[in-house]
Amino acid sequence: MKTRNIFTVFVKELRDTLRDRRAIISMFVVPTIVIPALTFGLGTVFAKVVKKAGAENHAVMIIGGENAPQLRETLEHQGGLKIVPTSPDYAGRISAKKLRAAVEIPDGFAESVRSGARATVKIYTHDGEMRSGFAAATIERALRDYREAIVRDRLSAKNLPADFLRPFVMKRQNVAPPEKVGGSSFGGLVPYFFIILCFTGAMYPAIDLTAGEKERGTLETILCSPVARSELVVGKFLVVLAASLATVACALGSMAITAFAGGAGFLRGAMHAANALPTFSIPGLLAVVVLVFPLAVLFSALLMTVALFAKSYKEAQTYVSPLVFIVILPAVAAVLPGIELSTTLSLVPVLNIALVSKELVAGTFPLLPLALIFLSTCAYAAGALALAVKMFNREDVIFRT
Amino acid sequence: MIEARGLTKTFRDKKRGDIHAVENISFSVAPGRIYGLLGANGAGKTTTLRMLATLLKPTAGSAVVAGADIREQPGRVRSQVGFLAASTALYGRLTARELIAYFGRLNGLSDAEIELRTARLSLELDMAEFLDRRIEKFSTGMKQKTSIARTLIHDPAVMIFDEPTLGLDVMAARTIVRFIRDCRARGKTVLYSTHVMSEVEKLCDIIGIVHDGRLLDEGTLAELRARHGEHDMEEIFVRVVTGRTAEVRS
């Protein structure tokens with residue numbers, strides 16, 4: 001193979017690709033603007049919706065309020081609730097989202113409380129409806145306060161301390177470092193993002209430089225030149241690889257900038273807690289980037305091989321689109337609980353990287369699996385590239401009409 | 001010089017079985033001559049030309065093109081061949097200059113040589129006005145000129161044309177025909193395939209009639225007329241392919 005020819009093909013294909021509006025959108029616009037906008041934008045919108053819903057006064061009906069005038073008064077003065085007149089169609093109104101919740105105080109409630117018997121207060125809600133959930137939580141808080149006040153009065157009447165019924169308190173304390181917490185909670189999302197972007201970044205140029213060339217009739221033109229087919233494949237492959245890596249880099253850069261320059265605020269809002277922002281191990285993240293490289297090689301070569309079979313761009317899209325699911329499945333499987341990295345799973349492409357990435361971003365470096373994953377992914381990538389070269393040498397594939 | 005000896009190409013199809021696209025075709029073309037392969041669609045012309053341009057490997061037989069064997073030295077053959085076909089399109093997102101330079105580099109030319117030859121071709125083909133514009137906006141005529149420049153940038157000894165006027169208007173077709181004549185005048189070996197009888201009559205020094213993958217007859221226009229007792233090329237063609245007269249070459 002002549003390096004000069006490979007370089008010539010690479011430069012030409014890169015120039016060609018960078019002049020294609022569709023490629024620019026797929027390589028730069030989507031990862032730089034759309035993905036962060038979706039990620040943080042949705043977070044912001046969600047946070048705003050949640051905040052707005054939480055600040056609303058929810059329409060609530062009290063059924064049997066006359067059975068506990070004091071409790072009724074407590075509920076009427078509880079912030080976040082708007083008591084509406086009682087009517088028998090409360091269930092239908094809750095289903096229709098006209099009413100957020102209803103509280104049913106049973107007959108003889110006041111007498112039960114006085115006598116020490118247990119009474120049941122029912123809260124009617126619309127499961128799965130956010131505002132109904134907020135209303136129910138507010139009602140529960142009011143009822144709990146009311147109940148605790150009764151308990152305090154009872155204890156006081158017997159000259160017992162307020163903590164009499166609470167001999168001890170429980171407190172949960174995290175001892176894991178922040179990056180391990182971030183890794184365990186969100187570590188699965190990092191490889192998911194990397195893998196998807198790596199694949200989608202390679203998809204468009206892989207199709208354009210193979211099936212697209214066939215469809216436009218330029219493949220025959222270039223095959224007439226003295227360039228060897230292996231040189232042609234490698235030159236094209238390098239462009240596809242560059243596109244894949246550029247997509248990942250753009251998304252990472254964009255997300256990092258967004259997160260550090262204000263995006264963190266969106267995330268915080270979405271997560272309801274300033275300290276819930278995930279912290280990752282920086283060396284771990286860098287190790288993931290290193291692992292992404294052979295994966296990008298694998299995806300680029302594989303996509304070129306598959307797309308080359310097609311006669312047209314459209315046909316190639318039909319072949320390539322299902323592959324997205326094949327790639328997503330192992331990435332999603334790695335997020336599922338119970339699937340842990342093992343020697344066997346270290347050899348399963350995509351899944352192995354997804355699993356080890358979780359460990360890496362949490363700051364754990366399992367050396368043997370890492371070596372196995374890197375070497376096996378390199379081997380798969382080399383195999384895929386060799387297959388791509390073989391395909392370019394097959395007349396029935398190149399001249400398939 | 002082109003020397004084809006027993007060129008054969010069989011495609012294997014799962015549904016249709018073996019398809020004999022080209023069977024045992026032999027012919028030779030000397031420098032400064034235009035050899036016309038005349039045949040209907042599907043006769044085997046394109047397959048023959050693709051084998052000679054090393055795009056396809058022959059199932060049997062071989063050929064020597066500009067001193068290089070198509071089986072043994074395909075890269076060397078391609079560096080000596082300019083291949084122009086209706087199916088060889090151009091990269092729309094490149095400018096004409098970039099495209100010509102791309103093929104120049106792949107043919108091993110230095111940047112200085114490319115610049116010099118591009119300037120000369122631009123002058124000869126009157127391309128100066130659109131040389132630095134993107135090909136996707138070109139008219140058919142501009143594209144044809146760019147294609148010609150692309151095939152000539154490495155100054156090949158052999159030119160292969162596969163139905164180059166297919167789908168072109170009269171003016172664009174005339175440009176191509178003039179260019180082919182120029183190639184002959186420059187001493188290049190020219191192989192030309194078409195199904196247009198008038199082009200063969202106008203251009204070719206030797207005509208080979210191909211049908212069902214076989215070369216059925218060959219000769220100069222005068223020889224063919226004499227052999228078949230017909231003046232009209234279309235009549236001669238029909239007689240040959242229907243086997244009404246003429247010896248059958250195989």
# chains A, B, ... in the order shown; residues from 1 in each chain; ligands from 1

$ interface_residues --of "chain A" --to "chain B" --cutoff "12 Å" --atoms "only C-alpha atoms" --output "PyMOL selection string"
chain A and resi 1-21+208-209+212-229+231-232+392-400

$ residues_around --residues "Thr377 in chain A" --least-positions-apart "3" --cutoff "8 Å" --atoms "only C-alpha atoms" --output "ChimeraX atom specification"
/A:294-295,298,347,349,373-374,380-381

$ select_by_dssp --residues "range 136-241 of chain B" --states "strand (DSSP E or B)" --output "number ranges by chain"
B: 158-162, 189-194, 206-211, 214-219

$ residues_around --residues "Val190 in chain B" --least-positions-apart "6" --cutoff "9 Å" --atoms "only C-alpha atoms" --output "list in words"
Met1, Ile2, Val29, Ala30, Pro31, Gly32, Arg33, Ile34, Tyr35, Gly36, Ala157, Val158, Met159, Ile160, Phe161, Ile180, Cys183 and Arg184 of chain B

$ write_last_selection --atoms "C-alpha atoms" --output "PDB file, in the first residue's frame"
ATOM      1  CA  MET B   1      -1.390  -1.148 -27.993  1.00  0.00           C
ATOM      2  CA  ILE B   2      -4.149  -3.512 -26.827  1.00  0.00           C
ATOM      3  CA  VAL B  29      -5.708  -2.323 -31.459  1.00  0.00           C
ATOM      4  CA  ALA B  30      -2.605  -0.521 -32.661  1.00  0.00           C
ATOM      5  CA  PRO B  31      -1.515   2.957 -31.513  1.00  0.00           C
ATOM      6  CA  GLY B  32      -3.084   5.760 -33.548  1.00  0.00           C
ATOM      7  CA  ARG B  33      -6.106   3.603 -34.407  1.00  0.00           C
ATOM      8  CA  ILE B  34      -9.706   3.579 -33.189  1.00  0.00           C
ATOM      9  CA  TYR B  35     -11.242   0.162 -32.672  1.00  0.00           C
ATOM     10  CA  GLY B  36     -15.036   0.234 -32.383  1.00  0.00           C
ATOM     11  CA  ALA B 157      -1.244   5.703 -24.010  1.00  0.00           C
ATOM     12  CA  VAL B 158      -4.589   3.906 -24.238  1.00  0.00           C
ATOM     13  CA  MET B 159      -8.052   5.416 -24.195  1.00  0.00           C
ATOM     14  CA  ILE B 160     -11.114   3.283 -23.532  1.00  0.00           C
ATOM     15  CA  PHE B 161     -14.563   4.750 -24.171  1.00  0.00           C
ATOM     16  CA  ILE B 180     -11.740  10.812 -29.647  1.00  0.00           C
ATOM     17  CA  CYS B 183      -6.720  11.025 -29.245  1.00  0.00           C
ATOM     18  CA  ARG B 184      -6.110   9.135 -32.473  1.00  0.00           C
TER      19      ARG B 184
END

$ closest_residue --among "B:Val22, B:Ala43, B:Ile70, B:Ala149" --to "Glu124 in chain B" --atoms "only C-alpha atoms"
B:Ala149

$ residues_around --residues "Thr47 in chain B" --least-positions-apart "5" --cutoff "12 Å" --atoms "only C-alpha atoms" --output "PyMOL selection string"
(chain A and resi 395+399) or (chain B and resi 7-11+19-23+25+37+41-42+52-59+162+193+210+212-214)

$ atom_distance --atom1 "CA of Val290 in chain A" --atom2 "CA of Gln317 in chain A"
28.7 Å

$ residues_around --residues "Ser132 in chain A" --least-positions-apart "2" --cutoff "10 Å" --atoms "only C-alpha atoms" --output "short mmCIF file (atom, residue, chain, number, x, y, z; two decimals) with N, CA and C atoms, in the first residue's frame"
data_model
loop_
_atom_site.label_atom_id
_atom_site.label_comp_id
_atom_site.auth_asym_id
_atom_site.auth_seq_id
_atom_site.Cartn_x
_atom_site.Cartn_y
_atom_site.Cartn_z
N ALA A 53 -45.46 23.04 39.00
CA ALA A 53 -46.51 22.18 39.54
C ALA A 53 -46.43 22.16 41.07
N HIS A 58 -53.25 23.11 44.77
CA HIS A 58 -53.98 22.01 44.14
C HIS A 58 -55.40 21.90 44.70
N ALA A 59 -56.31 21.74 43.76
CA ALA A 59 -57.73 21.63 44.15
C ALA A 59 -57.96 20.30 44.89
N VAL A 60 -58.42 20.37 46.11
CA VAL A 60 -58.62 19.17 46.93
C VAL A 60 -60.01 19.24 47.56
N ILE A 94 -61.48 13.56 39.70
CA ILE A 94 -60.04 13.28 39.84
C ILE A 94 -59.51 12.63 38.55
N SER A 95 -60.31 11.68 38.01
CA SER A 95 -59.90 11.02 36.75
C SER A 95 -59.80 12.02 35.61
N LYS A 97 -58.95 15.01 35.90
CA LYS A 97 -57.91 15.97 36.29
C LYS A 97 -58.47 17.35 36.63
N LEU A 99 -59.92 17.74 39.58
CA LEU A 99 -59.66 17.72 41.01
C LEU A 99 -58.39 16.88 41.20
N ARG A 100 -57.46 17.36 42.06
CA ARG A 100 -56.19 16.63 42.20
C ARG A 100 -56.26 15.49 43.21
N ALA A 101 -57.03 15.69 44.28
CA ALA A 101 -57.14 14.61 45.29
C ALA A 101 -58.36 14.88 46.16
N ALA A 102 -58.75 13.86 46.91
CA ALA A 102 -59.86 14.03 47.86
C ALA A 102 -59.48 13.31 49.16
N TYR A 124 -57.86 9.95 48.11
CA TYR A 124 -58.14 9.47 46.74
C TYR A 124 -57.26 10.25 45.77
N THR A 125 -56.55 9.51 44.93
CA THR A 125 -55.62 10.18 43.99
C THR A 125 -55.72 9.60 42.57
N HIS A 126 -55.01 10.21 41.67
CA HIS A 126 -54.88 9.73 40.27
C HIS A 126 -53.43 9.27 40.14
N ASP A 127 -53.21 7.95 40.26
CA ASP A 127 -51.84 7.43 40.20
C ASP A 127 -51.17 7.79 38.87
N GLY A 128 -49.94 8.18 38.94
CA GLY A 128 -49.19 8.50 37.72
C GLY A 128 -49.36 9.95 37.28
N GLU A 129 -50.25 10.68 37.97
CA GLU A 129 -50.46 12.09 37.59
C GLU A 129 -49.68 12.95 38.59
N MET A 130 -48.74 13.75 38.05
CA MET A 130 -47.79 14.46 38.90
C MET A 130 -48.49 15.39 39.90
N PHE A 134 -48.47 15.49 44.00
CA PHE A 134 -48.08 16.63 44.84
C PHE A 134 -49.17 16.93 45.88
N ALA A 135 -50.43 16.92 45.41
CA ALA A 135 -51.55 17.23 46.31
C ALA A 135 -51.61 16.19 47.44
N ALA A 136 -51.44 14.90 47.06
CA ALA A 136 -51.50 13.83 48.06
C ALA A 136 -50.37 13.99 49.08
N ALA A 137 -49.18 14.34 48.57
CA ALA A 137 -48.04 14.50 49.48
C ALA A 137 -48.28 15.64 50.45
N THR A 138 -48.89 16.73 49.96
CA THR A 138 -49.19 17.87 50.85
C THR A 138 -50.23 17.47 51.90
#

$ select_by_dssp --residues "range 76-304 of chain A" --states "alpha helix (DSSP H)" --output "number ranges by chain"
A: 76-77, 90-95, 109-115, 130-157, 178-186, 189-207, 213-216, 218-223, 229-258, 264-271, 282-304

$ write_last_selection --atoms "C-alpha atoms" --output "compact mmCIF listing (two decimals), in the first residue's frame"
# COMPACT_ATOMS: atom_id res chain seq x y z
CA GLU A 76 -57.81 24.59 54.81
CA HIS A 77 -54.83 26.47 56.20
CA TYR A 90 -65.02 13.38 43.25
CA ALA A 91 -63.72 10.13 41.63
CA GLY A 92 -64.80 11.21 38.16
CA ARG A 93 -63.37 14.70 38.68
CA ILE A 94 -60.04 13.28 39.84
CA SER A 95 -59.90 11.02 36.75
CA PHE A 109 -63.31 10.38 63.50
CA ALA A 110 -63.18 12.96 66.34
CA GLU A 111 -64.67 10.43 68.79
CA SER A 112 -62.15 7.74 67.70
CA VAL A 113 -59.27 10.16 68.28
CA ARG A 114 -60.63 11.11 71.69
CA SER A 115 -61.12 7.48 72.73
CA MET A 130 -47.79 14.46 38.90
CA ARG A 131 -50.08 17.16 40.30
CA SER A 132 -52.26 14.58 42.02
CA GLY A 133 -49.10 13.16 43.60
CA PHE A 134 -48.08 16.63 44.84
CA ALA A 135 -51.55 17.23 46.31
CA ALA A 136 -51.50 13.83 48.06
CA ALA A 137 -48.04 14.50 49.48
CA THR A 138 -49.19 17.87 50.85
CA ILE A 139 -52.28 16.27 52.40
CA GLU A 140 -50.13 13.52 53.93
CA ARG A 141 -47.78 16.11 55.38
CA ALA A 142 -50.71 17.99 56.97
CA LEU A 143 -52.21 14.75 58.33
CA ARG A 144 -48.83 13.65 59.69
CA ASP A 145 -48.36 16.99 61.48
CA TYR A 146 -51.89 16.75 62.85
CA ARG A 147 -51.27 13.14 64.03
CA GLU A 148 -47.98 14.05 65.67
CA ALA A 149 -49.63 16.95 67.49
CA ILE A 150 -52.23 14.51 68.89
CA VAL A 151 -49.43 12.10 69.96
CA ARG A 152 -47.53 14.95 71.61
CA ASP A 153 -50.68 15.98 73.53
CA ARG A 154 -51.25 12.40 74.67
CA LEU A 155 -47.63 12.03 75.83
CA SER A 156 -47.79 15.40 77.55
CA ALA A 157 -50.98 14.38 79.36
CA PRO A 178 -18.24 11.28 44.94
CA GLU A 179 -16.85 9.76 41.70
CA LYS A 180 -17.89 6.29 42.82
CA VAL A 181 -21.36 7.59 43.63
CA GLY A 182 -21.52 9.31 40.24
CA GLY A 183 -20.13 6.21 38.52
CA SER A 184 -22.68 3.90 40.12
CA SER A 185 -25.62 6.23 39.54
CA PHE A 186 -24.82 7.60 36.08
CA LEU A 189 -25.08 6.60 30.78
CA VAL A 190 -21.52 7.63 29.86
CA PRO A 191 -20.70 4.60 27.67
CA TYR A 192 -24.24 4.69 26.33
CA PHE A 193 -23.65 8.22 25.05
CA PHE A 194 -20.17 7.39 23.74
CA ILE A 195 -21.28 4.24 21.94
CA ILE A 196 -24.33 5.80 20.31
CA LEU A 197 -22.46 8.91 19.19
CA CYS A 198 -19.53 6.87 17.94
CA PHE A 199 -21.92 4.80 15.82
CA THR A 200 -24.15 7.58 14.53
CA GLY A 201 -21.12 9.74 13.71
CA ALA A 202 -19.74 7.02 11.44
CA MET A 203 -23.09 6.13 9.90
CA TYR A 204 -23.61 8.96 7.45
CA PRO A 205 -20.10 9.13 5.92
CA ALA A 206 -19.88 5.32 5.78
CA ILE A 207 -23.01 5.22 3.63
CA GLU A 213 -20.57 6.68 -4.48
CA LYS A 214 -22.12 3.69 -6.21
CA GLU A 215 -25.39 5.53 -6.68
CA ARG A 216 -23.68 8.65 -8.03
CA THR A 218 -18.23 7.86 -9.02
CA LEU A 219 -17.03 4.53 -7.63
CA GLU A 220 -16.36 3.20 -11.13
CA THR A 221 -14.51 6.42 -11.95
CA ILE A 222 -12.14 6.08 -9.02
CA LEU A 223 -11.63 2.35 -9.60
CA ARG A 229 -8.54 -0.98 -3.69
CA SER A 230 -6.92 -1.51 -0.30
CA GLU A 231 -5.57 2.07 -0.43
CA LEU A 232 -8.99 3.33 -1.41
CA VAL A 233 -10.68 1.48 1.47
CA VAL A 234 -8.14 2.69 4.03
CA GLY A 235 -8.40 6.30 2.80
CA LYS A 236 -12.20 6.20 2.98
CA PHE A 237 -12.16 4.34 6.27
CA LEU A 238 -9.95 7.01 7.87
CA VAL A 239 -12.51 9.67 6.95
CA VAL A 240 -15.35 7.62 8.45
CA LEU A 241 -13.26 7.06 11.58
CA ALA A 242 -12.44 10.76 11.80
CA ALA A 243 -16.15 11.59 11.49
CA SER A 244 -17.02 9.12 14.24
CA LEU A 245 -14.39 10.49 16.62
CA ALA A 246 -15.24 14.10 15.71
CA THR A 247 -18.87 13.44 16.61
CA VAL A 248 -17.88 12.06 20.02
CA ALA A 249 -15.42 14.93 20.59
CA CYS A 250 -17.98 17.56 19.59
CA ALA A 251 -20.64 16.10 21.87
CA LEU A 252 -18.22 15.78 24.77
CA GLY A 253 -16.85 19.28 24.33
CA SER A 254 -20.27 20.78 23.94
CA MET A 255 -21.69 18.95 26.95
CA ALA A 256 -18.69 19.85 29.07
CA ILE A 257 -19.00 23.53 28.16
CA THR A 258 -22.75 23.50 28.71
CA ALA A 264 -24.99 22.48 35.91
CA GLY A 265 -27.74 24.75 37.08
CA PHE A 266 -30.21 23.02 34.76
CA LEU A 267 -29.15 19.62 36.02
CA ARG A 268 -29.39 20.74 39.60
CA GLY A 269 -32.86 21.99 38.98
CA ALA A 270 -33.83 18.75 37.36
CA MET A 271 -32.41 16.70 40.17
CA ILE A 282 -11.27 12.08 35.18
CA PRO A 283 -8.61 9.35 34.55
CA GLY A 284 -11.53 6.93 34.21
CA LEU A 285 -13.21 9.15 31.62
CA LEU A 286 -9.93 9.38 29.70
CA ALA A 287 -9.62 5.59 29.78
CA VAL A 288 -13.14 5.37 28.30
CA VAL A 289 -12.03 7.71 25.50
CA VAL A 290 -9.06 5.39 24.79
CA LEU A 291 -11.41 2.41 24.65
CA VAL A 292 -13.74 4.27 22.32
CA PHE A 293 -11.00 4.47 19.70
CA PRO A 294 -10.93 0.74 18.73
CA LEU A 295 -14.73 0.76 19.01
CA ALA A 296 -14.88 3.60 16.50
CA VAL A 297 -12.57 1.60 14.21
CA LEU A 298 -14.88 -1.40 14.54
CA PHE A 299 -18.02 0.62 13.83
CA SER A 300 -16.48 2.51 10.90
CA ALA A 301 -15.21 -0.63 9.15
CA LEU A 302 -18.39 -2.56 9.86
CA LEU A 303 -20.66 0.20 8.61
CA MET A 304 -18.61 0.59 5.41

$ decode --residues "range 357-382 of chain A" --atoms "N, CA and C atoms" --output "PDB file, in the first residue's frame"
ATOM      1  N   SER A 357     -16.761   0.672  31.277  1.00  0.00           N
ATOM      2  CA  SER A 357     -16.833   2.132  31.399  1.00  0.00           C
ATOM      3  C   SER A 357     -17.476   2.527  32.721  1.00  0.00           C
ATOM      4  N   LYS A 358     -18.462   1.740  33.159  1.00  0.00           N
ATOM      5  CA  LYS A 358     -19.116   2.011  34.439  1.00  0.00           C
ATOM      6  C   LYS A 358     -18.088   1.983  35.566  1.00  0.00           C
ATOM      7  N   GLU A 359     -17.213   0.963  35.480  1.00  0.00           N
ATOM      8  CA  GLU A 359     -16.165   0.822  36.500  1.00  0.00           C
ATOM      9  C   GLU A 359     -15.177   1.990  36.399  1.00  0.00           C
ATOM     10  N   LEU A 360     -14.812   2.309  35.159  1.00  0.00           N
ATOM     11  CA  LEU A 360     -13.780   3.334  34.946  1.00  0.00           C
ATOM     12  C   LEU A 360     -14.213   4.707  35.442  1.00  0.00           C
ATOM     13  N   VAL A 361     -15.434   5.113  35.093  1.00  0.00           N
ATOM     14  CA  VAL A 361     -15.873   6.445  35.516  1.00  0.00           C
ATOM     15  C   VAL A 361     -16.071   6.502  37.036  1.00  0.00           C
ATOM     16  N   ALA A 362     -16.208   5.311  37.670  1.00  0.00           N
ATOM     17  CA  ALA A 362     -16.315   5.260  39.132  1.00  0.00           C
ATOM     18  C   ALA A 362     -14.937   5.222  39.779  1.00  0.00           C
ATOM     19  N   GLY A 363     -13.887   5.233  38.946  1.00  0.00           N
ATOM     20  CA  GLY A 363     -12.522   5.279  39.474  1.00  0.00           C
ATOM     21  C   GLY A 363     -11.895   3.926  39.723  1.00  0.00           C
ATOM     22  N   THR A 364     -12.538   2.842  39.270  1.00  0.00           N
ATOM     23  CA  THR A 364     -11.978   1.501  39.430  1.00  0.00           C
ATOM     24  C   THR A 364     -11.340   1.075  38.111  1.00  0.00           C
ATOM     25  N   PHE A 365     -10.140   0.519  38.159  1.00  0.00           N
ATOM     26  CA  PHE A 365      -9.437   0.113  36.942  1.00  0.00           C
ATOM     27  C   PHE A 365      -9.157  -1.394  36.966  1.00  0.00           C
ATOM     28  N   PRO A 366     -10.094  -2.202  36.490  1.00  0.00           N
ATOM     29  CA  PRO A 366      -9.851  -3.655  36.486  1.00  0.00           C
ATOM     30  C   PRO A 366      -8.882  -4.010  35.352  1.00  0.00           C
ATOM     31  N   LEU A 367      -7.617  -4.210  35.676  1.00  0.00           N
ATOM     32  CA  LEU A 367      -6.569  -4.286  34.643  1.00  0.00           C
ATOM     33  C   LEU A 367      -6.731  -5.439  33.659  1.00  0.00           C
ATOM     34  N   LEU A 368      -6.971  -6.651  34.178  1.00  0.00           N
ATOM     35  CA  LEU A 368      -7.069  -7.813  33.276  1.00  0.00           C
ATOM     36  C   LEU A 368      -8.245  -7.663  32.296  1.00  0.00           C
ATOM     37  N   PRO A 369      -9.464  -7.388  32.811  1.00  0.00           N
ATOM     38  CA  PRO A 369     -10.569  -7.175  31.857  1.00  0.00           C
ATOM     39  C   PRO A 369     -10.290  -6.023  30.891  1.00  0.00           C
ATOM     40  N   LEU A 370      -9.643  -4.969  31.394  1.00  0.00           N
ATOM     41  CA  LEU A 370      -9.339  -3.826  30.521  1.00  0.00           C
ATOM     42  C   LEU A 370      -8.461  -4.245  29.352  1.00  0.00           C
ATOM     43  N   ALA A 371      -7.411  -5.025  29.676  1.00  0.00           N
ATOM     44  CA  ALA A 371      -6.494  -5.503  28.634  1.00  0.00           C
ATOM     45  C   ALA A 371      -7.240  -6.390  27.651  1.00  0.00           C
ATOM     46  N   LEU A 372      -8.074  -7.280  28.209  1.00  0.00           N
ATOM     47  CA  LEU A 372      -8.855  -8.194  27.353  1.00  0.00           C
ATOM     48  C   LEU A 372      -9.787  -7.420  26.429  1.00  0.00           C
ATOM     49  N   ILE A 373     -10.442  -6.425  27.002  1.00  0.00           N
ATOM     50  CA  ILE A 373     -11.413  -5.636  26.219  1.00  0.00           C
ATOM     51  C   ILE A 373     -10.699  -4.858  25.113  1.00  0.00           C
ATOM     52  N   PHE A 374      -9.597  -4.221  25.487  1.00  0.00           N
ATOM     53  CA  PHE A 374      -8.877  -3.414  24.496  1.00  0.00           C
ATOM     54  C   PHE A 374      -8.369  -4.304  23.360  1.00  0.00           C
ATOM     55  N   LEU A 375      -7.755  -5.435  23.742  1.00  0.00           N
ATOM     56  CA  LEU A 375      -7.178  -6.315  22.705  1.00  0.00           C
ATOM     57  C   LEU A 375      -8.268  -6.955  21.852  1.00  0.00           C
ATOM     58  N   SER A 376      -9.352  -7.414  22.500  1.00  0.00           N
ATOM     59  CA  SER A 376     -10.410  -8.063  21.715  1.00  0.00           C
ATOM     60  C   SER A 376     -11.078  -7.055  20.788  1.00  0.00           C
ATOM     61  N   THR A 377     -11.310  -5.824  21.283  1.00  0.00           N
ATOM     62  CA  THR A 377     -11.940  -4.810  20.417  1.00  0.00           C
ATOM     63  C   THR A 377     -11.021  -4.464  19.252  1.00  0.00           C
ATOM     64  N   CYS A 378      -9.703  -4.387  19.532  1.00  0.00           N
ATOM     65  CA  CYS A 378      -8.741  -4.126  18.441  1.00  0.00           C
ATOM     66  C   CYS A 378      -8.793  -5.258  17.416  1.00  0.00           C
ATOM     67  N   ALA A 379      -8.899  -6.497  17.922  1.00  0.00           N
ATOM     68  CA  ALA A 379      -8.943  -7.659  17.014  1.00  0.00           C
ATOM     69  C   ALA A 379     -10.211  -7.621  16.160  1.00  0.00           C
ATOM     70  N   TYR A 380     -11.344  -7.307  16.798  1.00  0.00           N
ATOM     71  CA  TYR A 380     -12.605  -7.215  16.031  1.00  0.00           C
ATOM     72  C   TYR A 380     -12.509  -6.102  14.992  1.00  0.00           C
ATOM     73  N   ALA A 381     -11.912  -4.979  15.407  1.00  0.00           N
ATOM     74  CA  ALA A 381     -11.780  -3.825  14.504  1.00  0.00           C
ATOM     75  C   ALA A 381     -10.905  -4.193  13.298  1.00  0.00           C
ATOM     76  N   ALA A 382      -9.791  -4.889  13.569  1.00  0.00           N
ATOM     77  CA  ALA A 382      -8.903  -5.307  12.476  1.00  0.00           C
ATOM     78  C   ALA A 382      -9.637  -6.260  11.534  1.00  0.00           C
TER      79      ALA A 382
END
